[in-house]
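Okay, upload_15.cif is below, mmCIF, C-alpha atoms:
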data_target
#
loop_
_atom_site.label_atom_id
_atom_site.label_comp_id
_atom_site.auth_asym_id
_atom_site.auth_seq_id
_atom_site.Cartn_x
_atom_site.Cartn_y
_atom_site.Cartn_z
CA MET B 1 -4.33 6.31 14.79
CA GLN B 2 -3.48 9.49 12.89
CA LEU B 3 0.04 10.08 11.68
CA GLY B 4 0.26 13.31 13.69
CA ALA B 5 -0.36 11.35 16.87
CA MET B 6 2.30 8.88 15.86
CA VAL B 7 4.80 11.72 15.52
CA LYS B 8 3.86 12.93 18.99
CA GLU B 9 4.63 9.47 20.30
CA ASN B 10 8.09 9.70 18.70
CA LEU B 11 7.53 6.68 16.44
CA TRP B 12 9.57 8.20 13.64
CA TRP B 13 12.23 9.28 16.12
CA GLN B 14 12.50 5.67 17.22
CA LEU B 15 12.76 4.58 13.58
CA GLU B 16 15.57 7.05 13.03
CA ASN B 17 17.52 5.68 15.96
CA ALA B 18 16.85 2.11 14.89
CA ALA B 19 18.04 2.78 11.34
CA ARG B 20 21.03 4.94 12.28
CA GLN B 21 24.28 3.70 10.83
CA PRO B 22 27.62 3.79 12.69
CA SER B 23 29.16 6.12 10.11
CA GLY B 24 26.54 8.85 10.53
CA THR B 25 22.96 9.79 11.23
CA TRP B 26 19.97 11.05 9.30
CA SER B 27 17.15 13.29 10.40
CA VAL B 28 13.72 14.43 9.27
CA ARG B 29 14.00 17.30 6.81
CA GLY B 30 11.42 19.59 5.34
CA SER B 31 10.60 19.88 1.65
CA CYS B 32 10.09 22.66 -0.83
CA GLY B 33 7.27 22.43 -3.35
CA LEU B 34 7.10 23.98 -6.81
CA LEU B 35 3.61 24.65 -8.15
CA LEU B 36 3.69 24.66 -11.93
CA PRO B 37 1.02 26.23 -14.17
CA GLY B 38 -1.71 24.24 -15.86
CA TYR B 39 -3.99 23.40 -12.92
CA HIS B 40 -7.41 24.91 -12.31
CA HIS B 41 -7.64 25.11 -8.54
CA SER B 42 -10.77 24.13 -6.66
CA SER B 43 -11.80 25.61 -3.35
CA ARG B 44 -9.02 23.73 -1.61
CA ASP B 45 -6.20 25.75 -0.10
CA PRO B 46 -3.39 25.77 -2.74
CA CYS B 47 -0.70 26.58 -0.16
CA PRO B 48 -1.13 24.48 2.98
CA THR B 49 0.67 25.22 6.19
CA GLY B 50 4.13 23.74 6.47
CA VAL B 51 4.83 23.50 2.73
CA ARG B 52 6.51 26.34 0.87
CA LEU B 53 5.18 26.59 -2.69
CA LEU B 54 6.82 28.69 -5.38
CA THR B 55 4.62 29.75 -8.29
CA VAL B 56 6.54 29.29 -11.51
CA ARG B 57 5.81 31.36 -14.59
CA GLY B 58 6.45 29.78 -17.95
CA SER B 59 7.85 26.34 -18.64
CA TRP B 60 9.99 24.24 -16.35
CA LYS B 61 12.91 24.65 -18.73
CA SER B 62 12.77 28.44 -18.63
CA PHE B 63 12.49 28.38 -14.83
CA ARG B 64 15.56 26.21 -14.49
CA GLU B 65 17.50 28.47 -16.83
CA ARG B 66 16.56 31.52 -14.76
CA ARG B 67 17.38 29.67 -11.58
CA SER B 68 20.89 28.98 -12.77
CA ARG B 69 21.29 32.73 -13.54
CA GLY B 70 21.89 32.24 -17.18
CA ARG B 71 24.43 29.48 -16.84
CA ARG B 72 23.52 26.86 -19.39
CA ARG B 73 24.44 23.28 -18.90
CA GLN B 74 26.84 21.98 -21.52
CA ALA B 75 25.40 18.89 -23.15
CA SER B 76 27.72 16.46 -24.89
CA PRO B 77 26.68 15.37 -28.41
CA GLY B 78 24.54 12.28 -28.38
CA VAL B 79 23.87 12.25 -24.64
CA ARG B 80 20.10 12.59 -24.95
CA GLU B 81 18.78 9.68 -26.93
CA GLN B 82 15.93 10.15 -29.39
CA ARG B 83 12.57 9.50 -27.79
CA CYS B 84 10.38 6.76 -29.05
CA CYS B 85 6.72 6.25 -28.31
CA PRO B 86 5.94 4.04 -25.29
CA GLN B 87 4.17 1.50 -27.47
CA HIS B 88 7.24 1.04 -29.67
CA TRP B 89 9.39 0.66 -26.56
CA LEU B 90 7.09 -1.99 -25.14
CA GLN B 91 6.95 -4.03 -28.32
CA THR B 92 10.72 -3.99 -28.75
CA ALA B 93 11.29 -4.81 -25.07
CA VAL B 94 9.47 -8.14 -25.22
CA ARG B 95 11.77 -10.68 -26.83
CA GLY B 96 10.51 -13.39 -29.11
CA CYS B 97 6.94 -12.10 -29.48
CA SER B 98 4.90 -13.18 -32.44
CA ASP B 99 2.53 -10.81 -34.21
CA SER B 100 -0.37 -12.17 -32.20
CA GLY B 101 1.62 -11.70 -29.00
CA ARG B 102 2.38 -8.07 -29.82
CA SER B 103 -1.27 -7.40 -30.55
CA ARG B 104 -2.09 -8.22 -26.94
CA LEU B 105 0.37 -5.52 -25.91
CA SER B 106 -1.27 -2.84 -28.03
CA CYS B 107 -3.15 0.05 -26.51
CA SER B 108 -6.47 -0.79 -24.93
CA GLN B 109 -9.49 -0.59 -27.21
CA THR B 110 -12.10 2.05 -26.45
CA SER B 111 -15.01 -0.21 -27.35
CA GLU B 112 -18.20 0.49 -25.46
CA GLN B 113 -19.79 -2.94 -25.88
CA GLU B 114 -19.53 -3.79 -22.19
CA PRO B 115 -22.69 -3.62 -20.07
CA PRO B 116 -23.06 -0.78 -17.53
CA GLY B 117 -21.03 -0.96 -14.36
CA LEU B 118 -18.61 -3.70 -13.41
CA LYS B 119 -19.75 -7.08 -14.76
CA ARG B 120 -18.32 -10.58 -14.93
CA ARG B 121 -17.42 -10.69 -18.60
CA ARG B 122 -14.14 -12.59 -18.16
CA PRO B 123 -14.76 -16.24 -17.22
CA ASP B 124 -11.04 -16.98 -17.75
CA VAL B 125 -9.93 -14.87 -14.77
CA ILE B 126 -10.95 -13.95 -11.23
CA THR B 127 -13.20 -10.88 -11.37
CA THR B 128 -14.49 -10.86 -7.78
CA THR B 129 -12.72 -11.77 -4.54
CA ASP B 130 -14.15 -13.80 -1.67
CA TRP B 131 -14.90 -10.52 0.14
CA LEU B 132 -16.74 -9.24 -3.01
CA ALA B 133 -14.10 -6.72 -4.10
CA PRO B 134 -13.93 -6.30 -7.90
CA VAL B 135 -10.78 -7.28 -9.81
CA ILE B 136 -10.38 -4.92 -12.76
CA TRP B 137 -9.53 -6.49 -16.12
CA GLU B 138 -10.08 -5.15 -19.61
CA GLY B 139 -13.63 -6.09 -20.53
CA THR B 140 -15.08 -5.95 -17.02
CA PHE B 141 -16.13 -2.29 -16.97
CA ASN B 142 -17.85 0.30 -19.13
CA ARG B 143 -15.83 3.47 -19.59
CA ARG B 144 -18.78 5.58 -20.71
CA VAL B 145 -20.93 4.71 -17.72
CA LEU B 146 -18.08 5.15 -15.25
CA GLY B 147 -17.13 8.47 -16.85
CA LYS B 148 -20.69 9.75 -16.54
CA HIS B 149 -20.77 8.64 -12.89
CA TYR B 150 -17.52 10.36 -11.87
CA ARG B 151 -17.58 13.38 -14.19
CA ASN B 152 -19.99 15.40 -12.06
CA ARG B 153 -18.27 14.67 -8.76
CA ASN B 154 -15.57 17.34 -9.25
CA LEU B 155 -12.76 14.94 -8.33
CA THR B 156 -9.05 15.63 -8.05
CA MET B 157 -6.57 12.73 -8.34
CA GLY B 158 -3.03 12.57 -7.01
CA LEU B 159 -0.07 10.57 -8.32
CA ALA B 160 3.07 10.37 -6.18
CA VAL B 161 6.45 9.30 -7.50
CA PHE B 162 9.80 9.25 -5.69
CA ALA B 163 12.93 9.49 -7.83
CA ILE B 164 16.37 10.08 -6.38
CA GLY B 165 19.86 9.36 -7.66
CA ARG B 166 20.18 7.30 -10.81
CA ILE B 167 16.50 6.38 -10.70
CA ALA B 168 15.57 9.93 -11.67
CA ASP B 169 18.13 10.02 -14.47
CA GLN B 170 17.02 6.72 -15.98
CA TYR B 171 13.25 6.60 -15.56
CA LEU B 172 11.61 9.85 -14.48
CA GLU B 173 11.23 11.55 -17.86
CA ARG B 174 9.53 8.62 -19.57
CA PHE B 175 7.32 8.02 -16.57
CA LEU B 176 6.05 11.61 -16.58
CA GLU B 177 5.63 11.76 -20.35
CA SER B 178 3.45 8.65 -20.34
CA ALA B 179 1.56 9.55 -17.17
CA LYS B 180 0.54 13.00 -18.38
CA LYS B 181 -0.87 11.35 -21.50
CA HIS B 182 -2.67 8.35 -20.01
CA PHE B 183 -3.31 8.84 -16.27
CA MET B 184 -6.84 10.07 -15.44
CA THR B 185 -7.19 12.10 -18.62
CA GLY B 186 -9.98 14.66 -18.43
CA TYR B 187 -9.74 15.00 -14.63
CA ARG B 188 -7.72 17.29 -12.39
CA VAL B 189 -4.47 15.56 -11.50
CA VAL B 190 -1.70 16.65 -9.12
CA PHE B 191 1.68 14.97 -9.67
CA TYR B 192 3.72 14.84 -6.46
CA ILE B 193 7.33 14.40 -7.56
CA THR B 194 10.17 14.03 -5.06
CA VAL B 195 13.76 14.38 -6.28
CA ASP B 196 17.06 14.94 -4.53
CA ASP B 197 18.13 17.70 -6.93
CA LEU B 198 16.00 20.11 -8.96
CA ASP B 199 18.34 19.57 -11.90
CA LYS B 200 17.08 15.95 -11.99
CA MET B 201 13.63 17.23 -12.95
CA PRO B 202 13.23 16.63 -16.72
CA ASP B 203 11.91 19.23 -19.16
CA VAL B 204 8.33 17.97 -19.02
CA ASP B 205 5.49 20.46 -18.63
CA PRO B 206 2.06 19.56 -17.19
CA GLY B 207 -0.87 19.15 -19.52
CA PRO B 208 -4.37 20.60 -19.21
CA LEU B 209 -5.90 20.19 -15.73
CA GLN B 210 -2.54 18.94 -14.45
CA THR B 211 -0.16 20.28 -11.80
CA PHE B 212 3.41 19.31 -10.97
CA GLN B 213 4.39 19.77 -7.34
CA VAL B 214 8.10 19.08 -7.08
CA PHE B 215 9.66 18.41 -3.69
CA THR B 216 13.35 18.22 -2.92
CA LEU B 217 15.17 16.59 -0.05
CA ARG B 218 17.10 19.44 1.54
CA GLU B 219 20.02 17.16 2.26
CA GLU B 220 20.98 13.74 1.03
CA ILE B 221 19.09 11.49 3.42
CA TRP B 222 20.09 7.95 2.60
CA TRP B 223 18.24 5.32 4.57
CA GLN B 224 19.17 1.72 4.72
CA ASP B 225 15.91 0.99 2.89
CA PHE B 226 14.84 3.07 -0.11
CA ASN B 227 11.16 2.22 0.37
CA LEU B 228 11.29 3.28 4.02
CA LEU B 229 12.42 6.75 2.95
CA ARG B 230 9.85 6.87 0.15
CA MET B 231 6.84 5.92 2.26
CA ARG B 232 7.84 8.04 5.24
CA ASN B 233 8.24 11.02 2.91
CA LEU B 234 4.83 10.39 1.34
CA GLY B 235 3.23 10.09 4.78
CA GLU B 236 4.58 13.48 5.79
CA HIS B 237 3.17 15.13 2.68
CA ILE B 238 -0.23 13.48 3.14
CA VAL B 239 -0.48 14.93 6.64
CA GLN B 240 0.83 18.36 5.66
CA HIS B 241 -1.21 19.03 2.54
CA ILE B 242 -2.14 16.12 0.23
CA GLN B 243 -5.17 15.04 2.25
CA GLY B 244 -6.71 18.47 1.62
CA GLU B 245 -5.85 18.62 -2.07
CA VAL B 246 -6.97 15.35 -3.67
CA ASP B 247 -9.82 12.86 -3.36
CA PHE B 248 -7.81 9.80 -4.44
CA LEU B 249 -4.06 9.22 -4.26
CA PHE B 250 -1.87 6.69 -6.05
CA SER B 251 1.78 5.89 -5.46
CA MET B 252 3.77 4.31 -8.27
CA ALA B 253 7.32 3.17 -8.95
CA THR B 254 9.33 5.32 -11.34
CA ASN B 255 10.34 2.47 -13.64
CA GLN B 256 6.79 2.16 -15.04
CA ILE B 257 5.47 3.32 -18.41
CA PHE B 258 1.78 3.88 -19.15
CA GLN B 259 0.80 2.16 -22.39
CA SER B 260 -2.90 3.10 -22.48
CA ASP B 261 -5.44 4.98 -20.42
CA VAL B 262 -5.64 4.26 -16.71
CA GLY B 263 -8.81 5.96 -15.57
CA VAL B 264 -11.61 6.03 -13.04
CA GLU B 265 -12.11 2.26 -13.23
CA THR B 266 -9.16 2.08 -10.77
CA LEU B 267 -10.75 4.33 -8.12
CA GLY B 268 -11.59 2.84 -4.75
CA ALA B 269 -11.17 3.46 -1.04
CA SER B 270 -8.26 0.98 -0.91
CA VAL B 271 -6.68 -0.20 -4.16
CA ALA B 272 -4.12 -3.01 -4.43
CA GLN B 273 -2.16 -4.23 -7.44
CA LEU B 274 -1.96 -7.97 -8.12
CA HIS B 275 1.57 -9.12 -8.78
CA ALA B 276 1.99 -10.00 -12.46
CA TRP B 277 4.15 -13.05 -11.82
CA TRP B 278 2.67 -14.48 -8.61
CA TYR B 279 -0.95 -14.13 -9.74
CA PHE B 280 -0.49 -17.28 -11.84
CA LYS B 281 1.15 -19.25 -9.01
CA SER B 282 -0.25 -21.23 -6.13
CA THR B 283 -0.85 -19.52 -2.78
CA LYS B 284 1.49 -21.94 -1.05
CA ASP B 285 4.35 -20.67 -3.21
CA PHE B 286 3.86 -16.97 -2.43
CA PRO B 287 7.04 -15.35 -1.00
CA TYR B 288 5.32 -14.07 2.16
CA GLU B 289 7.34 -13.31 5.26
CA ARG B 290 7.50 -16.63 7.11
CA ARG B 291 9.53 -15.65 10.19
CA ARG B 292 7.17 -15.68 13.16
CA ARG B 293 8.90 -12.80 14.95
CA SER B 294 8.41 -10.44 12.02
CA ALA B 295 5.52 -7.98 11.94
CA ALA B 296 4.97 -9.01 8.30
CA TYR B 297 4.55 -12.69 9.17
CA ILE B 298 1.81 -14.62 7.34
CA PRO B 299 1.44 -18.31 8.30
CA TYR B 300 1.65 -21.09 5.75
CA GLY B 301 -1.74 -21.90 4.29
CA LYS B 302 -2.98 -18.32 4.78
CA GLY B 303 -3.20 -15.43 2.36
CA ASP B 304 -5.39 -14.42 -0.55
CA PHE B 305 -3.19 -12.92 -3.28
CA TYR B 306 0.34 -11.62 -3.60
CA TYR B 307 0.31 -7.87 -4.12
CA ASP B 308 2.84 -5.75 -5.97
CA SER B 309 4.26 -2.75 -4.13
CA ALA B 310 4.87 -0.79 -7.35
CA PHE B 311 1.26 0.44 -7.60
CA VAL B 312 -0.97 1.23 -4.62
CA GLY B 313 -3.72 3.75 -4.04
CA GLY B 314 -7.02 4.77 -2.52
CA THR B 315 -8.21 7.71 -0.49
CA PRO B 316 -5.41 9.71 1.18
CA GLN B 317 -6.55 8.43 4.59
CA GLN B 318 -6.36 4.79 3.49
CA VAL B 319 -2.90 5.28 1.99
CA LEU B 320 -1.89 6.97 5.25
CA ASN B 321 -3.17 3.99 7.23
CA LEU B 322 -1.00 1.68 5.13
CA ILE B 323 2.06 3.87 5.76
CA GLU B 324 1.41 3.99 9.51
CA GLU B 325 1.18 0.21 9.78
CA TYR B 326 4.26 -0.21 7.62
CA LEU B 327 6.31 2.15 9.80
CA LYS B 328 5.14 0.41 12.98
CA GLY B 329 6.02 -2.95 11.44
CA VAL B 330 9.50 -1.75 10.52
CA LEU B 331 10.05 -0.53 14.08
CA GLN B 332 8.95 -3.88 15.50
CA ASP B 333 11.26 -5.76 13.15
CA LYS B 334 14.19 -3.47 14.00
CA GLN B 335 13.67 -4.14 17.70
CA ASN B 336 13.72 -7.89 16.96
CA GLY B 337 16.79 -7.67 14.76
CA LEU B 338 14.84 -8.40 11.57
CA ASN B 339 14.60 -6.60 8.25
CA SER B 340 11.60 -7.56 6.12
CA SER B 341 10.84 -5.91 2.77
CA TYR B 342 8.25 -3.22 2.15
CA GLU B 343 6.38 -5.59 -0.15
CA ASN B 344 6.08 -8.16 2.63
CA HIS B 345 4.70 -5.54 5.00
CA LEU B 346 2.27 -4.40 2.30
CA ASN B 347 1.03 -7.95 1.80
CA LYS B 348 0.54 -8.37 5.54
CA TYR B 349 -1.45 -5.12 5.65
CA PHE B 350 -3.78 -6.20 2.84
CA PHE B 351 -4.10 -9.64 4.42
CA LEU B 352 -5.54 -8.00 7.53
CA ASN B 353 -7.22 -5.05 5.82
CA LYS B 354 -8.80 -6.31 2.62
CA PRO B 355 -8.57 -3.89 -0.32
CA THR B 356 -11.85 -2.69 -1.80
CA LYS B 357 -10.57 -2.94 -5.38
CA LEU B 358 -7.83 -5.02 -7.02
CA LEU B 359 -6.03 -4.19 -10.24
CA SER B 360 -5.22 -7.09 -12.55
CA PRO B 361 -1.69 -7.79 -13.79
CA GLU B 362 -2.59 -5.74 -16.87
CA TYR B 363 -1.89 -2.63 -14.79
CA ASN B 364 1.72 -3.56 -14.02
CA TRP B 365 3.13 -6.16 -16.39
CA ASP B 366 6.83 -6.97 -16.36
CA VAL B 367 7.89 -6.80 -20.01
CA THR B 368 10.58 -9.46 -19.55
CA PHE B 369 7.81 -12.08 -19.42
CA TYR B 370 5.68 -13.14 -22.36
CA PRO B 371 2.06 -12.24 -21.57
CA PRO B 372 -0.30 -15.19 -21.11
CA PRO B 373 -3.73 -15.23 -22.83
CA GLN B 374 -5.39 -13.77 -19.73
CA VAL B 375 -3.41 -10.54 -20.14
CA GLN B 376 -5.15 -9.13 -23.19
CA PHE B 377 -3.91 -5.55 -22.85
CA VAL B 378 -0.99 -4.11 -20.95
CA LYS B 379 -2.05 -0.82 -19.37
CA VAL B 380 1.22 -0.17 -17.51
CA ALA B 381 4.55 -1.78 -18.38
CA GLN B 382 7.18 -2.21 -15.70
CA HIS B 383 10.75 -2.04 -16.85
CA PRO B 384 13.13 -4.21 -14.80
CA LYS B 385 15.69 -2.13 -12.93
CA ARG B 386 18.42 -4.63 -13.62
CA ARG B 387 18.47 -3.67 -17.30
CA PRO B 388 19.15 -0.26 -18.89
CA TRP B 389 16.56 1.48 -21.00
CA PRO B 390 16.51 0.26 -24.64
#

Here is the file; what I need is its structure written in the form of structure tokens.
Amino acid sequence: MQLGAMVKENLWWQLENAARQPSGTWSVRGSCGLLLPGYHHSSRDPCPTGVRLLTVRGSWKSFRERRSRGRRRQASPGVREQRCCPQHWLQTAVRGCSDSGRSRLSCSQTSEQEPPGLKRRRPDVITTTDWLAPVIWEGTFNRRVLGKHYRNRNLTMGLAVFAIGRIADQYLERFLESAKKHFMTGYRVVFYITVDDLDKMPDVDPGPLQTFQVFTLREEIWWQDFNLLRMRNLGEHIVQHIQGEVDFLFSMATNQIFQSDVGVETLGASVAQLHAWWYFKSTKDFPYERRRRSAAYIPYGKGDFYYDSAFVGGTPQQVLNLIEEYLKGVLQDKQNGLNSSYENHLNKYFFLNKPTKLLSPEYNWDVTFYPPPQVQFVKVAQHPKRRPWP
């Protein structure tokens, strides 16, 4: 079922009424996009219907200064901390690491000794699922061969991030700085950034072949569940314009830092991220939703892996399918007086709709845990939200 049809059937309207709080209501609001320079457009329509795009000349900083009509924000001394490279941050964030432990956290090697294609070169880990989907680890793919395969396909990648409130203040700048350096380098990339205030957008300019599309919530729309707002917002943008702009779309949490290149080895029709902690646990211990009345229910003894909601991707249509099922599951749970997490609904979706590619814990490692021998390189480091940035 397409998302447009779901809107016609008032599914989102029902969600709004189900999530309405006694103290007030929220409603669907439009968004305003900002198209920044640095992107070489393909034949796709750069200004889709229903999305207002403003072409910005110069840097983001100069635009914001002009927007404020010359009023400069007064910065207190010492407010902006000195930046450090992501690798230094990662090494200092892991407590008690030996030299050998830190070497496993270094940037991924660019060695081309692997055979062509995706091969089983890692006997210590799972590299293929029961349904024959590859699990991507360092050492199981050849960058040169993959690059030659995808280079001539004229692909455009999308990366969506949702940062409102304190999340934008704490994490957004470092996320964008690392993503523009390591995410799909050498390919056209559109960053879809949603903030609640344009002043929350950091002074980060897009690199070559990159575009920043910045969307703002016209009013403060606070849902009971942050992920419900995030995924509903992404679904709207996919229907309105994203599905005509990119070939592959990824959605990531803001509290992530790229440590090394994340490239075309991650591309697939439906891409799921293995949870760094639960990958090394038994299936019977997975924190699936166990309440039978919930739409996210998975029976005991069932399930394949436990997936992390911080990193998900695929074709825009596949991501849209995930969002549709998630929204329908939330509505069903609301009607039954239940409230299951987005991650539980995501795991139920991938239990029924097997992903075509799985990313190993190397692509989203929690730096509070010492990496086991299987995690040879950390591609993306997840910073726990319970702790401030170092």

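One distance worth recording is that between atom CA of Leu274 of chain B and atom CA of Lys148 of chain B, which is 27.1 Å.
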
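Closest approach to Tyr288 of chain B from the set B:Val312, B:Leu209, B:Val190, B:Leu346 is made by B:Leu346, with distances taken over only C-alpha atoms.
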
Nearest candidate to Val271 of chain B (options B:His241, B:Arg166, B:Lys357, B:Lys348; using only C-alpha atoms): B:Lys357

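Distances here use all atoms listed in the file; by that measure, the residue among B:Ala276, B:Gly207, B:Arg188, B:Asn255 closest to Ile167 of chain B is B:Asn255.
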
Reference answer for the PyMOL selection byres ((chain B and resi 313) around 9), as a PyMOL selection string: chain B and resi 159+248-252+266-273+311-312+314-316+318-319

Export C-alpha atoms of the chosen residues as a PDB file, in the frame of the given file?
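Final file, out-v3.pdb:
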ATOM      1  CA  LEU B 159      -0.070  10.570  -8.320  1.00  0.00           C
ATOM      2  CA  PHE B 248      -7.810   9.800  -4.440  1.00  0.00           C
ATOM      3  CA  LEU B 249      -4.060   9.220  -4.260  1.00  0.00           C
ATOM      4  CA  PHE B 250      -1.870   6.690  -6.050  1.00  0.00           C
ATOM      5  CA  SER B 251       1.780   5.890  -5.460  1.00  0.00           C
ATOM      6  CA  MET B 252       3.770   4.310  -8.270  1.00  0.00           C
ATOM      7  CA  THR B 266      -9.160   2.080 -10.770  1.00  0.00           C
ATOM      8  CA  LEU B 267     -10.750   4.330  -8.120  1.00  0.00           C
ATOM      9  CA  GLY B 268     -11.590   2.840  -4.750  1.00  0.00           C
ATOM     10  CA  ALA B 269     -11.170   3.460  -1.040  1.00  0.00           C
ATOM     11  CA  SER B 270      -8.260   0.980  -0.910  1.00  0.00           C
ATOM     12  CA  VAL B 271      -6.680  -0.200  -4.160  1.00  0.00           C
ATOM     13  CA  ALA B 272      -4.120  -3.010  -4.430  1.00  0.00           C
ATOM     14  CA  GLN B 273      -2.160  -4.230  -7.440  1.00  0.00           C
ATOM     15  CA  PHE B 311       1.260   0.440  -7.600  1.00  0.00           C
ATOM     16  CA  VAL B 312      -0.970   1.230  -4.620  1.00  0.00           C
ATOM     17  CA  GLY B 314      -7.020   4.770  -2.520  1.00  0.00           C
ATOM     18  CA  THR B 315      -8.210   7.710  -0.490  1.00  0.00           C
ATOM     19  CA  PRO B 316      -5.410   9.710   1.180  1.00  0.00           C
ATOM     20  CA  GLN B 318      -6.360   4.790   3.490  1.00  0.00           C
ATOM     21  CA  VAL B 319      -2.900   5.280   1.990  1.00  0.00           C
TER      22      VAL B 319
END

Residue IDs satisfying the PyMOL selection byres ((chain B and resi 325) around 10), as a ChimeraX atom specification: /B:1,295,320-324,326-331,345-346,348-349

Write the residues of the selection above to a file with C-alpha atoms, as a PDB file, in the frame of the given file.
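This went into result_19.pdb:
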ATOM      1  CA  MET B   1      -4.330   6.310  14.790  1.00  0.00           C
ATOM      2  CA  ALA B 295       5.520  -7.980  11.940  1.00  0.00           C
ATOM      3  CA  LEU B 320      -1.890   6.970   5.250  1.00  0.00           C
ATOM      4  CA  ASN B 321      -3.170   3.990   7.230  1.00  0.00           C
ATOM      5  CA  LEU B 322      -1.000   1.680   5.130  1.00  0.00           C
ATOM      6  CA  ILE B 323       2.060   3.870   5.760  1.00  0.00           C
ATOM      7  CA  GLU B 324       1.410   3.990   9.510  1.00  0.00           C
ATOM      8  CA  TYR B 326       4.260  -0.210   7.620  1.00  0.00           C
ATOM      9  CA  LEU B 327       6.310   2.150   9.800  1.00  0.00           C
ATOM     10  CA  LYS B 328       5.140   0.410  12.980  1.00  0.00           C
ATOM     11  CA  GLY B 329       6.020  -2.950  11.440  1.00  0.00           C
ATOM     12  CA  VAL B 330       9.500  -1.750  10.520  1.00  0.00           C
ATOM     13  CA  LEU B 331      10.050  -0.530  14.080  1.00  0.00           C
ATOM     14  CA  HIS B 345       4.700  -5.540   5.000  1.00  0.00           C
ATOM     15  CA  LEU B 346       2.270  -4.400   2.300  1.00  0.00           C
ATOM     16  CA  LYS B 348       0.540  -8.370   5.540  1.00  0.00           C
ATOM     17  CA  TYR B 349      -1.450  -5.120   5.650  1.00  0.00           C
TER      18      TYR B 349
END

For Met184 of chain B, the nearest of the candidates B:Met157, B:Val145, B:Ile238, B:Val214, counting only C-alpha atoms: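 Nearest to Met184 of chain B: B:Met157.
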
Residue contacts of Val375 of chain B (8 Å, all atoms listed in the file) excluding same-chain residues fewer than 2 positions away, as an MDAnalysis selection string: chainID B and resid 104 361:362 371:373 377:378

Residue nearest Ile136 of chain B among B:Lys180, B:Arg151, B:Lys302, B:Lys379 (counting all atoms listed in the file):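 For Ile136 of chain B, the nearest of the given residues is B:Lys379.
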
Would you pick out the contacts of Asp333 of chain B at 12 Å or less, using all atoms listed in the file, so that residues sharing its chain but fewer than 3 positions from it are not included, and give the list as a PDB file with C-alpha atoms, in the coordinates of the input?
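Everything below was put into result.pdb:
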ATOM      1  CA  LEU B  15      12.760   4.580  13.580  1.00  0.00           C
ATOM      2  CA  ALA B  18      16.850   2.110  14.890  1.00  0.00           C
ATOM      3  CA  ALA B  19      18.040   2.780  11.340  1.00  0.00           C
ATOM      4  CA  GLU B 289       7.340 -13.310   5.260  1.00  0.00           C
ATOM      5  CA  ARG B 291       9.530 -15.650  10.190  1.00  0.00           C
ATOM      6  CA  ARG B 292       7.170 -15.680  13.160  1.00  0.00           C
ATOM      7  CA  ARG B 293       8.900 -12.800  14.950  1.00  0.00           C
ATOM      8  CA  SER B 294       8.410 -10.440  12.020  1.00  0.00           C
ATOM      9  CA  ALA B 295       5.520  -7.980  11.940  1.00  0.00           C
ATOM     10  CA  ALA B 296       4.970  -9.010   8.300  1.00  0.00           C
ATOM     11  CA  TYR B 297       4.550 -12.690   9.170  1.00  0.00           C
ATOM     12  CA  TYR B 326       4.260  -0.210   7.620  1.00  0.00           C
ATOM     13  CA  LEU B 327       6.310   2.150   9.800  1.00  0.00           C
ATOM     14  CA  LYS B 328       5.140   0.410  12.980  1.00  0.00           C
ATOM     15  CA  GLY B 329       6.020  -2.950  11.440  1.00  0.00           C
ATOM     16  CA  VAL B 330       9.500  -1.750  10.520  1.00  0.00           C
ATOM     17  CA  ASN B 336      13.720  -7.890  16.960  1.00  0.00           C
ATOM     18  CA  GLY B 337      16.790  -7.670  14.760  1.00  0.00           C
ATOM     19  CA  LEU B 338      14.840  -8.400  11.570  1.00  0.00           C
ATOM     20  CA  ASN B 339      14.600  -6.600   8.250  1.00  0.00           C
ATOM     21  CA  SER B 340      11.600  -7.560   6.120  1.00  0.00           C
ATOM     22  CA  SER B 341      10.840  -5.910   2.770  1.00  0.00           C
ATOM     23  CA  TYR B 342       8.250  -3.220   2.150  1.00  0.00           C
ATOM     24  CA  ASN B 344       6.080  -8.160   2.630  1.00  0.00           C
ATOM     25  CA  HIS B 345       4.700  -5.540   5.000  1.00  0.00           C
TER      26      HIS B 345
END

Cut-off 6 Å around (-9.0, -4.5, -11.3) with only C-alpha atoms: residues as a list in words: Val135, Ile136, Trp137, Leu358, Leu359 and Ser360 of chain B

Separation of atom CA of Tyr279 of chain B from atom CA of Glu265 of chain B, in Å and rounded to one decimal: 20.1 Å

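Comparing B:Trp131, B:Tyr192, B:Tyr307, B:Phe215 by their smallest distance to Phe350 of chain B, the closest is B:Tyr307 (using all atoms listed in the file).
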
Å distance separating atom CA of Val195 of chain B from atom CA of Phe162 of chain B, one decimal place: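 Computing it gives 6.5 Å between the two atoms.
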
Selected by the PyMOL selection byres ((chain B and resi 130) around 12) in the shown coordinates: which residues, as a PDB file with C-alpha atoms, keeping the file's coordinate frame?
ATOM      1  CA  ILE B 126     -10.950 -13.950 -11.230  1.00  0.00           C
ATOM      2  CA  THR B 127     -13.200 -10.880 -11.370  1.00  0.00           C
ATOM      3  CA  THR B 128     -14.490 -10.860  -7.780  1.00  0.00           C
ATOM      4  CA  THR B 129     -12.720 -11.770  -4.540  1.00  0.00           C
ATOM      5  CA  TRP B 131     -14.900 -10.520   0.140  1.00  0.00           C
ATOM      6  CA  LEU B 132     -16.740  -9.240  -3.010  1.00  0.00           C
ATOM      7  CA  ALA B 133     -14.100  -6.720  -4.100  1.00  0.00           C
ATOM      8  CA  PRO B 134     -13.930  -6.300  -7.900  1.00  0.00           C
ATOM      9  CA  VAL B 135     -10.780  -7.280  -9.810  1.00  0.00           C
ATOM     10  CA  GLY B 303      -3.200 -15.430   2.360  1.00  0.00           C
ATOM     11  CA  ASP B 304      -5.390 -14.420  -0.550  1.00  0.00           C
ATOM     12  CA  PHE B 305      -3.190 -12.920  -3.280  1.00  0.00           C
ATOM     13  CA  LYS B 354      -8.800  -6.310   2.620  1.00  0.00           C
ATOM     14  CA  PRO B 355      -8.570  -3.890  -0.320  1.00  0.00           C
ATOM     15  CA  THR B 356     -11.850  -2.690  -1.800  1.00  0.00           C
TER      16      THR B 356
END
